[in-house]
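A quick write-up on the structure given underneath.
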Amino acid sequence: MKKIAFLIFISLFLWADSAAAHRVTIFGWIEGDTVYTESQYPDGKRVKNGKILVYNAENKELLTGTTSDNGEFSFKIPKTSALRVVIQAGMGHQGEWTFSGEEIQAAFGEAVNAGATEPSAPEPTAQPAVTKSTAPAVSEPQTPAPDLGQLEQMMERVMDKKLQPITRMLAQMEQKGPTANDIFGGIGYILGLAGVAAYFLSRKNQTKK
Amino acid sequence: MHLSEGILSGPVLLSGAALAAAGTAVGLKQLDYDRIAQTGMLSAAFFVASLIHVPVGPSSVHLILNGIVGLMLGWCAFPAILIALTLQALFFQFGGITTLGVNTMIMAGPAVACYYLFSPMVQKGKQMAMPAAFACGFCAVLFSAALMGVALMTTEEKFMEVSVLIITANLPVMIIEGIVTAFCIVFLNKVKPSLIASKRSRS
């Protein structure tokens with residue numbers, strides 16, 4: 001009988017979602033012309049099906065979307081202005097991440113440059129190879145000039161790739177729950193406040209006497 | 001249970017803050033020298049409780065403990081919860097400073113209501129104490145969930161749907177709170193019955 005009660009008790013919890021969390025956090029970063037975001041609860045659970053709203057500096061809604069099972073959502077930068085990405089996990093839970101105008105501008109500028117030079121990119125790559133094999137000594141001084149922009153793009157891409165795990169790690173760290181310091185600090189504050197209150201009340205009692 | 005910043009509209013925030021301030025004033029008035037230590041301890045317990053995640057099924061829930069805080073403190077639950085919530089907002093970024101009033105109201109209001117509903121029963125009968133304490137813990141969270149639905153009424157269009165969702169999502173919390181409250185009260189009744197806020201000690 002007790003076992004059955006226990007089973008019922010346990011099964012009650014199976015449908016509960018992590019809606020009982022206290023806050024949601026969102027972490028965003030830019031790669032190329034795309035903004036990536038990751039949303040989670042303090043215990044590390046990802047926000048599934050959370051609503052994402054993207055606002056510009058004037059609080060105008062630019063686009064909306066929902067997060068994936070991993071709490072991720074990405075979108076192309078819609079406009080070169082400051083962006084505010086808001087995650088709504090429902091039931092009064094909301095978090096946001098802002099990108100400054102410069103951040104977006106820098107990323108957007110790169111992306112535009114990349115877009116402009118990309119179509120012509122295959123040609124220069126082919127050319128040096130050909131010239132090198134046929135007449136290496138003559139063409140050598142010419143090659144650095146056309147390569148510069150391309151090199152930058154390539155570096156950009158490589159760096160993005162290399163930095164991705166670090167960005168993710170940062171995202172995780174940024175969204176960590178409270179630490180032991182916070183907890184004990186808080187308890188200390190409460191006990192201290194109780195002490196202060198006790199002190200003042202005891203003085204009041206004494207003066208009465 | 002903690003409403004984040006930037007969701008509620010100004011009037012809701014203001015009325016929540018006003019109600020919380022009134023409740024805190026009543027609580028502070030009743031807070032005499034003998035009850036300071038108890039209020040502080042329960043405030044600390046409340047502060048930590050929401051960090052205790054109970055893993056149930058695929059997800060985890062956390063304790064709120066507003067039922068037991070109300071049962072043991074009566075109106076003093078308001079200052080206790082207000083302070084704990086302030087520190088939670090500052091240290092953990094749970095809720096927020098602007099929503100402090102509303103959040104205090106959501107959690108301390110039901111605590112006081114449950115104090116009036118269940119305190120007489122808990123103190124009177126030996127057999128009734130445990131079920132009454134369970135009901136106290138259960139109902140405190142239930143009322144909190146309902147109040148939260150009311151607070152969100154102005155922002156979410158589907159009021160009934162949201163309220164029902166909040167209540168069902170918090171059902172496990174209610175049951176766990178009920179059990180925790182029941183055990184604590186039964187234990188305290190045996191060890192130190194004077195700790196449970198009684199009208200005798202106040203009059």
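In the structure tokens, chains take the letters A, B, ... in the order shown, each chain's residues start at 1, and ligands count up from 1 in the order shown.
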Query - Residue list (helix (DSSP H, G or I), DSSP) for range 40-117 of chain A, as a list in words - result: Gly101, Glu102, Glu103, Ile104, Gln105, Ala106, Ala107, Phe108, Gly109, Glu110, Ala111, Val112, Asn113, Ala114, Gly115, Ala116 and Thr117 of chain A
Query raised in the report: Once you count only C-alpha atoms, which residues of chain B turn out to be within 8 Å of chain A? Could you give them as a PyMOL selection string?
Result: chain B and resi 1-7+32-33+36-37+39-41+43-44+47-48+56-62+83-84+87-88+91-95+152+162+166+168-172
Output file for the residues above (C-alpha atoms, as a PDB file, in the first residue's frame):
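And here is the file that came out, selection.pdb:
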```pdb
ATOM      1  CA  MET B   1       7.851  32.002  -8.461  1.00  0.00           C
ATOM      2  CA  HIS B   2      10.066  35.011  -9.006  1.00  0.00           C
ATOM      3  CA  LEU B   3       8.720  37.381 -11.611  1.00  0.00           C
ATOM      4  CA  SER B   4      11.451  38.867 -13.765  1.00  0.00           C
ATOM      5  CA  GLU B   5      11.907  42.508 -14.488  1.00  0.00           C
ATOM      6  CA  GLY B   6      10.438  44.107 -17.540  1.00  0.00           C
ATOM      7  CA  ILE B   7       7.319  41.973 -17.740  1.00  0.00           C
ATOM      8  CA  ASP B  32       9.094  42.458  19.097  1.00  0.00           C
ATOM      9  CA  TYR B  33      12.375  41.658  20.716  1.00  0.00           C
ATOM     10  CA  ILE B  36      13.682  38.838  16.027  1.00  0.00           C
ATOM     11  CA  ALA B  37      15.936  35.815  16.144  1.00  0.00           C
ATOM     12  CA  THR B  39      12.298  35.987  12.050  1.00  0.00           C
ATOM     13  CA  GLY B  40      15.928  36.252  11.028  1.00  0.00           C
ATOM     14  CA  MET B  41      16.405  32.512  10.981  1.00  0.00           C
ATOM     15  CA  SER B  43      14.255  34.681   6.576  1.00  0.00           C
ATOM     16  CA  ALA B  44      17.587  32.922   6.077  1.00  0.00           C
ATOM     17  CA  PHE B  47      16.575  32.785   1.290  1.00  0.00           C
ATOM     18  CA  VAL B  48      18.313  29.445   0.911  1.00  0.00           C
ATOM     19  CA  VAL B  56      11.925  15.030  -9.726  1.00  0.00           C
ATOM     20  CA  GLY B  57      11.464  13.155 -12.946  1.00  0.00           C
ATOM     21  CA  PRO B  58      13.197  14.857 -15.838  1.00  0.00           C
ATOM     22  CA  SER B  59      13.150  18.269 -14.224  1.00  0.00           C
ATOM     23  CA  SER B  60      13.787  19.854 -10.877  1.00  0.00           C
ATOM     24  CA  VAL B  61      11.693  21.999  -8.631  1.00  0.00           C
ATOM     25  CA  HIS B  62      12.760  24.164  -5.778  1.00  0.00           C
ATOM     26  CA  ILE B  83      14.581  40.888   3.043  1.00  0.00           C
ATOM     27  CA  ALA B  84      15.222  37.405   1.680  1.00  0.00           C
ATOM     28  CA  LEU B  87      19.078  39.564  -1.198  1.00  0.00           C
ATOM     29  CA  GLN B  88      18.050  36.947  -3.731  1.00  0.00           C
ATOM     30  CA  PHE B  91      22.987  38.085  -5.228  1.00  0.00           C
ATOM     31  CA  PHE B  92      21.292  35.550  -7.470  1.00  0.00           C
ATOM     32  CA  GLN B  93      19.450  37.821  -9.899  1.00  0.00           C
ATOM     33  CA  PHE B  94      16.244  35.973  -9.073  1.00  0.00           C
ATOM     34  CA  GLY B  95      13.367  38.271  -9.783  1.00  0.00           C
ATOM     35  CA  LEU B 152       0.360  38.364 -15.033  1.00  0.00           C
ATOM     36  CA  VAL B 162      -1.721  30.970 -17.765  1.00  0.00           C
ATOM     37  CA  ILE B 166       1.305  27.987 -13.358  1.00  0.00           C
ATOM     38  CA  THR B 168      -0.150  22.625 -12.572  1.00  0.00           C
ATOM     39  CA  ALA B 169       3.537  23.346 -13.011  1.00  0.00           C
ATOM     40  CA  ASN B 170       3.836  24.066  -9.326  1.00  0.00           C
ATOM     41  CA  LEU B 171       1.825  21.059  -8.187  1.00  0.00           C
ATOM     42  CA  PRO B 172       4.930  19.045  -7.276  1.00  0.00           C
TER      43      PRO B 172
END
```
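Of the listed residues A:Pro78, A:Thr37, A:Ala89, A:Glu31, the one whose atoms come nearest to Gly50 in chain A is A:Ala89, with distances taken using only C-alpha atoms.
Distance annotation: of A:Ser81, A:Glu58, A:Ala180, A:Trp97, the residue with the minimal separation from Ser39 in chain A is A:Trp97; atom set is only C-alpha atoms.
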Report task. Could you give me, as a PyMOL selection string, the residues within 9 Å of Ile167 in chain B, counting only C-alpha atoms and dropping anything in the same chain fewer than 2 positions from it? Result -> chain B and resi 141-146+149+162-165+169-171
Query - Secondary structure check, strand (DSSP E or B) residues of range 52-185 of chain B, as a PyMOL selection string - result: chain B and resi 53-56+59-62
Report task. Show which residues sit within 12 Å of Lys29 in chain B, as a ChimeraX atom specification. Count only C-alpha atoms, and ignore same-chain residues fewer than 3 positions away. Result -> /A:201 /B:22-26,32-33,35-36,74-76,78-79,202
Residue selection dump (N, CA and C atoms) as a PDB file, in the first residue's frame:
```pdb
ATOM      1  N   LEU A 201      16.020  47.323  19.174  1.00  0.00           N
ATOM      2  CA  LEU A 201      14.868  47.023  20.027  1.00  0.00           C
ATOM      3  C   LEU A 201      15.294  46.899  21.484  1.00  0.00           C
TER       4      LEU A 201
ATOM      5  N   ALA B  22       2.621  47.897   2.942  1.00  0.00           N
ATOM      6  CA  ALA B  22       1.645  47.885   4.028  1.00  0.00           C
ATOM      7  C   ALA B  22       1.829  46.632   4.884  1.00  0.00           C
ATOM      8  N   GLY B  23       1.989  45.496   4.195  1.00  0.00           N
ATOM      9  CA  GLY B  23       2.179  44.237   4.929  1.00  0.00           C
ATOM     10  C   GLY B  23       3.438  44.275   5.778  1.00  0.00           C
ATOM     11  N   THR B  24       4.497  44.852   5.210  1.00  0.00           N
ATOM     12  CA  THR B  24       5.754  44.914   5.945  1.00  0.00           C
ATOM     13  C   THR B  24       5.613  45.824   7.168  1.00  0.00           C
ATOM     14  N   ALA B  25       4.847  46.904   6.996  1.00  0.00           N
ATOM     15  CA  ALA B  25       4.648  47.808   8.128  1.00  0.00           C
ATOM     16  C   ALA B  25       3.939  47.077   9.275  1.00  0.00           C
ATOM     17  N   VAL B  26       2.883  46.335   8.922  1.00  0.00           N
ATOM     18  CA  VAL B  26       2.179  45.564   9.952  1.00  0.00           C
ATOM     19  C   VAL B  26       3.135  44.568  10.599  1.00  0.00           C
ATOM     20  N   ASP B  32       8.522  41.996  17.827  1.00  0.00           N
ATOM     21  CA  ASP B  32       9.094  42.458  19.097  1.00  0.00           C
ATOM     22  C   ASP B  32      10.425  41.754  19.340  1.00  0.00           C
ATOM     23  N   TYR B  33      11.016  42.114  20.432  1.00  0.00           N
ATOM     24  CA  TYR B  33      12.375  41.658  20.716  1.00  0.00           C
ATOM     25  C   TYR B  33      12.503  40.141  20.702  1.00  0.00           C
ATOM     26  N   ARG B  35      11.004  37.942  19.038  1.00  0.00           N
ATOM     27  CA  ARG B  35      10.790  37.214  17.788  1.00  0.00           C
ATOM     28  C   ARG B  35      11.804  37.554  16.710  1.00  0.00           C
ATOM     29  N   ILE B  36      12.713  38.426  17.046  1.00  0.00           N
ATOM     30  CA  ILE B  36      13.682  38.838  16.027  1.00  0.00           C
ATOM     31  C   ILE B  36      14.543  37.666  15.560  1.00  0.00           C
ATOM     32  N   GLY B  74       3.546  34.558  11.254  1.00  0.00           N
ATOM     33  CA  GLY B  74       2.378  35.412  11.089  1.00  0.00           C
ATOM     34  C   GLY B  74       2.719  36.595  10.206  1.00  0.00           C
ATOM     35  N   TRP B  75       2.346  37.791  10.620  1.00  0.00           N
ATOM     36  CA  TRP B  75       2.586  38.979   9.788  1.00  0.00           C
ATOM     37  C   TRP B  75       4.069  39.264   9.617  1.00  0.00           C
ATOM     38  N   CYS B  76       4.887  38.790  10.537  1.00  0.00           N
ATOM     39  CA  CYS B  76       6.326  39.024  10.410  1.00  0.00           C
ATOM     40  C   CYS B  76       6.902  38.319   9.182  1.00  0.00           C
ATOM     41  N   PHE B  78       6.136  39.031   6.306  1.00  0.00           N
ATOM     42  CA  PHE B  78       6.352  40.079   5.289  1.00  0.00           C
ATOM     43  C   PHE B  78       7.773  40.638   5.322  1.00  0.00           C
ATOM     44  N   PRO B  79       8.222  41.174   6.466  1.00  0.00           N
ATOM     45  CA  PRO B  79       9.616  41.647   6.463  1.00  0.00           C
ATOM     46  C   PRO B  79      10.620  40.530   6.197  1.00  0.00           C
ATOM     47  N   ARG B 202       1.487  36.769  21.593  1.00  0.00           N
ATOM     48  CA  ARG B 202       1.439  38.131  21.119  1.00  0.00           C
ATOM     49  C   ARG B 202       0.542  39.007  21.964  1.00  0.00           C
TER      50      ARG B 202
END
```
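For the choices A:Ile26, A:Ser100, A:Ala106, A:Gly32, the atom-to-atom distance to Asp160 in chain A is smallest for A:Gly32 when using only C-alpha atoms.
Across A:Gln40, A:Val86, A:Lys76, A:Tyr55, the tightest approach to Gln172 in chain A is made by A:Gln40 when counting only C-alpha atoms.
Between CA of Leu8 in chain B and CA of Met107 in chain B the interatomic distance comes to 16.5 Å.
The two atoms in question, CA of Val54 in chain B and CA of Ala80 in chain B, are spaced 23.3 Å apart.
Excluding Phe134 in chain B itself and same-chain residues fewer than 3 positions from it, the residues having an atom within 10 Å of it are Gly67, Ile68, Phe118, Val122, Ala129, Met130, Pro131, Gly137, Phe138, Cys139, Met174, Ile175, Ile176, Glu177, Gly178, Ile179, Val180, Thr181, Ala182, Phe183, Cys184 and Ile185 of chain B, counting only C-alpha atoms.
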